[in-house]
Amino acid sequence: MKLLVTGGAGFIGGNFIHDTLERYPEDIVVCVDKLTYAGNMETLFPIYDNENFHFEKADIADAPAIKAIFEKHKPDVVINFAAESHVDRSIEDPGIFLTTNILGTQVLLDASREFGVKRYHQVSTDEVYGDLPLDRPDLLFTEETPIHTSSPYSASKAGADLLCQAYSRTYKMPLTISRCSNNYGPYHFPEKLIPLMLINAMQDKPLPVYGKGENVRDWLYVVDHCRAIDLIVRNGTPGEVYNIGGHNERTNIDVVKTILRQLGKSESLINYVTDRPGHDMRYGIDPAKINKELGWLPETKFEDGLHLTIEWYKNNESWWQNVLDGEYQNYYDKMYGDR
Ligand code: NAD
Ligand code: DAU
C-alpha cells in the first residue's frame with residue numbers, strides 16, 4: 001500500500017510514520033510537509049534512509065504543488081495530519097488556521113478525488129465538539145454530539161470536517177474522519193502543555209498554569225492514537241466518524257504535579273498565570289464505537305506513557321534544544337513575558 005501522509009514532520013504524523021514503517025515494512029510512505037515552525041526534519045531522521053520513505057516539501061493549500069505530488073506518487077491512501085494545531089496561536093492570528101486547515105483540506109480532497117484514492121482519512125479533534133461542564137462527569141462526547149466550537153483553531157478543524165462530510169456525500173468519496181482527545185509522547189512540540197511543563201521543570205524554570213489549573217483534558221499516548229488511525233484506514237467504514245480516547249481525564253494541575261513528582265522537582269515551580277480566552281473547560285471522549293466496530297483499545301496507562309515521554313525528553317535533549325534555540329524563543333517571550 002502507498003500512503004501519502006501530510007504533516008509527517010510534526011508530532012502525531014511523525015509518530016504515525018515511524019510506527020507504520022515498523023509494522024508494515026512493505027508499505028511505502030510519502031510524507032508531504034510544509035515544514036512550518038512545528039515541522040522538524042529531525043523527527044524523520046531515524047527513517048530518512050528507508051527506501052520505502054519519501055519526503056516532499058509542500059504546502060497542502062498549494063493546489064498545483066499537491067497535484068504534481070499526486071501525479072508523481074499515485075497514492076492509494078491519503079491521511080491528512082497537516083494543520084496549524086495550537087489553540088493559543090489561533091487566538092493571536094486566526095488567518096493561517098483557515099488557510100491550512102480548511103483550504104488545505106479542500107485541496108487534498110480535490111486531488112484525492114481526481115486521482116481516485118481508495119481512502120482519504122481526515123485527522124480531526126475532539127475540540128470540534130466544544131467543551132463539557134466540570135460538574136457533569138456523566139457527559140461524554142459521542143460521534144452524535146453537535147459541532148460547537150470555541151477557538152479559531154477548533155472552528156477551522158470543524159470547517160474541514162464539514163467539508164469532508166460534504167465530499168463524502170456529494171462525490172461518494174471513500175472517506176473517514178477521526179476525532180481524538182489530547183495526545184502526549186515523543187516529538188511533541190514544546191508549546192503544548194506536557195512537553196512545555198516537563199522541559200521547564202527539567203530546567204528549573206516556572207511552570208505557567210492557566211487560570212486555576214482546573215480545566216480537564218482526556219490524555220492519550222500518541223502511539224495509541226496512531227494505532228487507532230491505522231485501524232480506521234484499513235478496516236473502518238467509509239463515511240463514518242470515529243472518536244478516539246482512553247477515558248483518562250485529568251485536571252491540568254494534576255498533570256503538572258504528576259510531572260513534577262516524576263522528575264523529583266518542587267511544586268514551588270508552579271506559576272498560575274492569566275487564563276486562555278474562551279478556555280474550554282473539559283473534554284471527555286466516548287470511544288465505544290471504535291472499540292465495538294474495530295476492536296481498538298488504548299494500550300498505554302497514563303503513568304507509563306508519561307514515564308516513557310519523560311525518558312524520551314531526557315535522552316533527546318538535542319531535539320528540543322534545537323527547537324528552543326529557534327523562532328520559538330520569540331513566541332515564548334511574547335506569550336508568557338507579561339502574563
Ligand atoms: P503539529 O503542529 O505537531 O504538526 C503539524 C505538522 O503539519 C507540522 O509538521 C507542520 O510543518 C505541518 N504543516 C502545517 N501547515 C502545513 C501546510 N500548510 N502544508 C503542509 N504541512 C503543514 O500537530 P500535531 O499535534 O501533530 O497534530 C496533527 C493533527 O492531529 C492535526 O490535524 C491536529 O488538529 C490533530 N490532533 C492533534 C491532537 C494533539 O493532541 N496534538 C489531538 C487530536 C487531533
Ligand atoms: O483535544 C485535542 C487538542 O489538544 C488538539 O486538537 C490540539 O491540536 C492540541 O493542541 C490540544 O489542545 P489543547 O488546547 O487542549 O492543548 P494545550 O497543550 O495547548 O493545553 C492543554 C491544557 O493546558 C489546556 O487546558 C490549556 C492548559 N495550558 C496550556 C499551556 C500551553 C496551561 O495551563 N499552560 C500552558 O502554558
# chains A, B, ... in the order shown; residues from 1 in each chain; ligands from 1
$ residues_around --residues "region 254-264 of chain A" --least-positions-apart "4" --cutoff "10 Å" --atoms "only C-alpha atoms" --output "list in words"
Leu193, Ile194, Pro195, Met197, Leu198, Ala201, Met202, Leu207, Pro208, Val209, Gly213, Glu214, Asn215, Val216, Arg217, Trp219, Glu249, Arg250, Ser268, Leu269, Ile270, Phe302, Glu303, Leu306, His307, Ile310 and Glu311 of chain A
$ write_last_selection --atoms "C-alpha atoms" --output "mmCIF file, in the first residue's frame"
data_model
loop_
_atom_site.group_PDB
_atom_site.id
_atom_site.type_symbol
_atom_site.label_atom_id
_atom_site.label_comp_id
_atom_site.auth_asym_id
_atom_site.auth_seq_id
_atom_site.Cartn_x
_atom_site.Cartn_y
_atom_site.Cartn_z
ATOM 1 C CA LEU A 193 1.182 21.621 27.971
ATOM 2 C CA ILE A 194 3.057 18.381 28.730
ATOM 3 C CA PRO A 195 6.351 18.983 26.867
ATOM 4 C CA MET A 197 5.952 21.759 31.593
ATOM 5 C CA LEU A 198 8.449 18.950 31.602
ATOM 6 C CA ALA A 201 10.749 21.696 35.109
ATOM 7 C CA MET A 202 13.943 19.976 33.900
ATOM 8 C CA LEU A 207 5.552 26.321 35.007
ATOM 9 C CA PRO A 208 2.826 28.666 33.617
ATOM 10 C CA VAL A 209 -0.549 27.124 34.549
ATOM 11 C CA GLY A 213 -5.433 24.707 36.554
ATOM 12 C CA GLU A 214 -8.932 23.204 36.919
ATOM 13 C CA ASN A 215 -9.533 22.532 33.200
ATOM 14 C CA VAL A 216 -9.768 18.869 32.309
ATOM 15 C CA ARG A 217 -8.188 17.137 29.308
ATOM 16 C CA TRP A 219 -4.933 12.285 27.668
ATOM 17 C CA GLU A 249 -9.410 12.655 32.228
ATOM 18 C CA ARG A 250 -7.169 14.790 34.433
ATOM 19 C CA SER A 268 7.077 25.830 44.088
ATOM 20 C CA LEU A 269 7.902 25.974 40.344
ATOM 21 C CA ILE A 270 4.137 26.234 39.584
ATOM 22 C CA PHE A 302 -1.004 7.389 31.715
ATOM 23 C CA GLU A 303 1.748 6.922 34.337
ATOM 24 C CA LEU A 306 4.328 9.819 30.958
ATOM 25 C CA HIS A 307 7.376 7.911 32.175
ATOM 26 C CA ILE A 310 9.952 11.956 30.248
ATOM 27 C CA GLU A 311 12.696 9.432 29.450
#
$ select_by_dssp --residues "region 4-201 of chain A" --states "strand (DSSP E or B)" --output "ChimeraX atom specification"
/A:4-6,28-33,53-57,77-80,119-125,132,141,175-180,183-184
$ residues_near_ligand --ligand "ligand 1" --cutoff "7 Å" --atoms "only C-alpha atoms and all ligand atoms" --output "PyMOL selection string"
chain A and resi 6-13+32-40+58-61+80-86+100+104+123-126+157+179-184+188-189
$ atom_distance --atom1 "CA of Asn243 (chain A)" --atom2 "atom 9 (C, counted along the ligand's line) of ligand 2"
15.2 Å
$ closest_residue --among "A:Lys314, A:Arg113, A:Lys292, A:Arg339" --to "Gly236 (chain A)" --atoms "only C-alpha atoms"
A:Lys292
$ residues_around --residues "region 15-26 of chain A" --least-positions-apart "3" --cutoff "10 Å" --atoms "only C-alpha atoms" --output "MDAnalysis selection string"
chainID A and resid 1:3 5 8:12 29:31 43:44 46:47 50 52:53 81 185:188 222:227 229:230
$ closest_residue --among "A:Gly305, A:Pro298, A:Gly326, A:Pro152" --to "ligand 2" --atoms "only C-alpha atoms and all ligand atoms"
A:Pro152
$ closest_residue --among "A:Arg234, A:Arg169, A:Lys301, A:His279" --to "ligand 2" --atoms "only C-alpha atoms and all ligand atoms"
A:His279
$ atom_distance --atom1 "CA of Leu196 (chain A)" --atom2 "atom 31 (C, counted along the ligand's line) of ligand 2"
6.9 Å
$ closest_residue --among "A:Arg89, A:Lys265, A:His247, A:His121" --to "ligand 2" --atoms "only C-alpha atoms and all ligand atoms"
A:Arg89
$ decode --residues "region 66-95 of chain A" --atoms "N, CA and C atoms" --output "short mmCIF file (atom, residue, chain, number, x, y, z; two decimals), in the first residue's frame"
data_model
loop_
_atom_site.label_atom_id
_atom_site.label_comp_id
_atom_site.auth_asym_id
_atom_site.auth_seq_id
_atom_site.Cartn_x
_atom_site.Cartn_y
_atom_site.Cartn_z
N ILE A 66 0.43 20.21 -4.95
CA ILE A 66 -0.17 18.96 -4.46
C ILE A 66 -0.54 18.05 -5.63
N LYS A 67 -1.05 18.66 -6.69
CA LYS A 67 -1.42 17.85 -7.85
C LYS A 67 -0.17 17.16 -8.43
N ALA A 68 0.91 17.90 -8.50
CA ALA A 68 2.15 17.32 -9.04
C ALA A 68 2.62 16.15 -8.17
N ILE A 69 2.47 16.28 -6.87
CA ILE A 69 2.89 15.20 -5.96
C ILE A 69 2.00 13.96 -6.14
N PHE A 70 0.71 14.19 -6.31
CA PHE A 70 -0.21 13.05 -6.54
C PHE A 70 0.13 12.37 -7.87
N GLU A 71 0.44 13.21 -8.88
CA GLU A 71 0.77 12.66 -10.20
C GLU A 71 2.03 11.79 -10.11
N LYS A 72 3.01 12.29 -9.35
CA LYS A 72 4.30 11.59 -9.23
C LYS A 72 4.16 10.29 -8.43
N HIS A 73 3.44 10.33 -7.31
CA HIS A 73 3.46 9.16 -6.41
C HIS A 73 2.23 8.26 -6.50
N LYS A 74 1.13 8.77 -7.01
CA LYS A 74 -0.10 7.98 -7.16
C LYS A 74 -0.45 7.17 -5.89
N PRO A 75 -0.76 7.88 -4.79
CA PRO A 75 -1.02 7.18 -3.52
C PRO A 75 -2.33 6.40 -3.55
N ASP A 76 -2.37 5.29 -2.77
CA ASP A 76 -3.62 4.54 -2.57
C ASP A 76 -4.47 5.21 -1.50
N VAL A 77 -3.75 5.73 -0.48
CA VAL A 77 -4.42 6.26 0.71
C VAL A 77 -3.82 7.62 1.05
N VAL A 78 -4.67 8.55 1.47
CA VAL A 78 -4.19 9.87 1.94
C VAL A 78 -4.62 10.04 3.39
N ILE A 79 -3.67 10.39 4.26
CA ILE A 79 -4.01 10.65 5.67
C ILE A 79 -3.56 12.07 5.99
N ASN A 80 -4.51 12.93 6.31
CA ASN A 80 -4.20 14.34 6.49
C ASN A 80 -4.02 14.71 7.96
N PHE A 81 -2.74 14.75 8.38
CA PHE A 81 -2.40 15.24 9.72
C PHE A 81 -2.05 16.74 9.68
N ALA A 82 -1.69 17.26 8.50
CA ALA A 82 -1.14 18.62 8.43
C ALA A 82 -2.16 19.63 8.92
N ALA A 83 -1.72 20.48 9.83
CA ALA A 83 -2.62 21.51 10.34
C ALA A 83 -1.80 22.51 11.15
N GLU A 84 -2.35 23.71 11.28
CA GLU A 84 -1.93 24.59 12.36
C GLU A 84 -2.67 24.05 13.57
N SER A 85 -1.94 23.70 14.64
CA SER A 85 -2.56 22.88 15.69
C SER A 85 -2.63 23.53 17.07
N HIS A 86 -2.10 24.74 17.24
CA HIS A 86 -2.04 25.27 18.62
C HIS A 86 -3.10 26.36 18.87
N VAL A 87 -3.96 26.08 19.83
CA VAL A 87 -5.09 26.96 20.16
C VAL A 87 -4.61 28.39 20.46
N ASP A 88 -3.57 28.54 21.28
CA ASP A 88 -3.12 29.89 21.66
C ASP A 88 -2.67 30.69 20.44
N ARG A 89 -2.00 30.03 19.49
CA ARG A 89 -1.58 30.74 18.27
C ARG A 89 -2.79 31.14 17.44
N SER A 90 -3.84 30.31 17.45
CA SER A 90 -5.03 30.64 16.66
C SER A 90 -5.74 31.87 17.22
N ILE A 91 -5.60 32.08 18.54
CA ILE A 91 -6.22 33.26 19.16
C ILE A 91 -5.44 34.52 18.77
N GLU A 92 -4.12 34.38 18.63
CA GLU A 92 -3.26 35.50 18.23
C GLU A 92 -3.43 35.85 16.76
N ASP A 93 -3.58 34.83 15.89
CA ASP A 93 -3.54 35.04 14.43
C ASP A 93 -4.35 33.95 13.71
N PRO A 94 -5.68 34.15 13.59
CA PRO A 94 -6.52 33.07 13.04
C PRO A 94 -6.31 32.76 11.56
N GLY A 95 -5.84 33.74 10.75
CA GLY A 95 -5.87 33.60 9.29
C GLY A 95 -5.23 32.32 8.77
#
